Amino acid sequence: MPLHRPLSAALGCLATAQVAAATCDFSVEVNDSMSFPIAEMVAGAHCETITVALEHSGQLPKETMGHNWTLARAADLQAIAIEGMGAGIENDYIKPDDPRVIAHTRIIGSGESDRISFSPAGLSTDEDYRFFCSFPGHWAVMTGRFVLQ
Ligand code: ZN
């Protein structure tokens, strides 16, 4: 790496690693474990759009170790996940047009990636939001807090 790397880029990396400052763009890497690499995501209420890029760096296909990134109010998580199971993998384990789902990526497996963008305009800084994977059996443990500030 060049030594003259801009300071702003270095600070950007630091912020992502420590989940500190509010940001508009997230990169989330998942693998063959039922977990997200982060427990909390802090997004900026000022963002015009919030973007989440999900990447699967594991070996397993989506049929056995698929993951998505889904955002909802904490109170809606369980119902979304249970009804999503019935919707099947062809619907990315999300009931079609579920109004409780704020945003979600596709279910992805080994080597795949997906990206979504959404506006935080309808979200509240006082609400308790969660991100989670709606793959059957994953949602109970594969989840974290999503904070808008
Ligand atoms: Zn998953």
# chains A, B, ... in the order shown; residues from 1 in each chain; ligands from 1

call {"tool": "residues_near_ligand", "arguments": {"ligand": "ligand 1", "cutoff": "7 Å", "atoms": "only C-alpha atoms and all ligand atoms", "output": "PyMOL selection string"}}
result
chain A and resi 34+65-68+133-135+138+142

call {"tool": "residues_around", "arguments": {"residues": "Val52 in chain A", "least_positions_apart": "4", "cutoff": "7 Å", "atoms": "only C-alpha atoms", "output": "MDAnalysis selection string"}}
result
chainID A and resid 25:27 115:117

call {"tool": "residues_around", "arguments": {"residues": "Pro61 in chain A", "least_positions_apart": "2", "cutoff": "9 Å", "atoms": "only C-alpha atoms", "output": "VMD selection string"}}
result
chain A and resid 58 to 59 63 to 66 108 to 111

call {"tool": "closest_residue", "arguments": {"among": "A:Arg73, A:Lys62, A:Lys95, A:His56", "to": "Ser124 in chain A", "atoms": "only C-alpha atoms"}}
result
A:Arg73

call {"tool": "select_by_dssp", "arguments": {"residues": "range 23-143 of chain A", "states": "strand (DSSP E or B)", "output": "VMD selection string"}}
result
chain A and resid 23 25 to 30 40 to 43 50 to 56 67 70 to 73 103 to 104 108 113 to 118 129 to 132 143
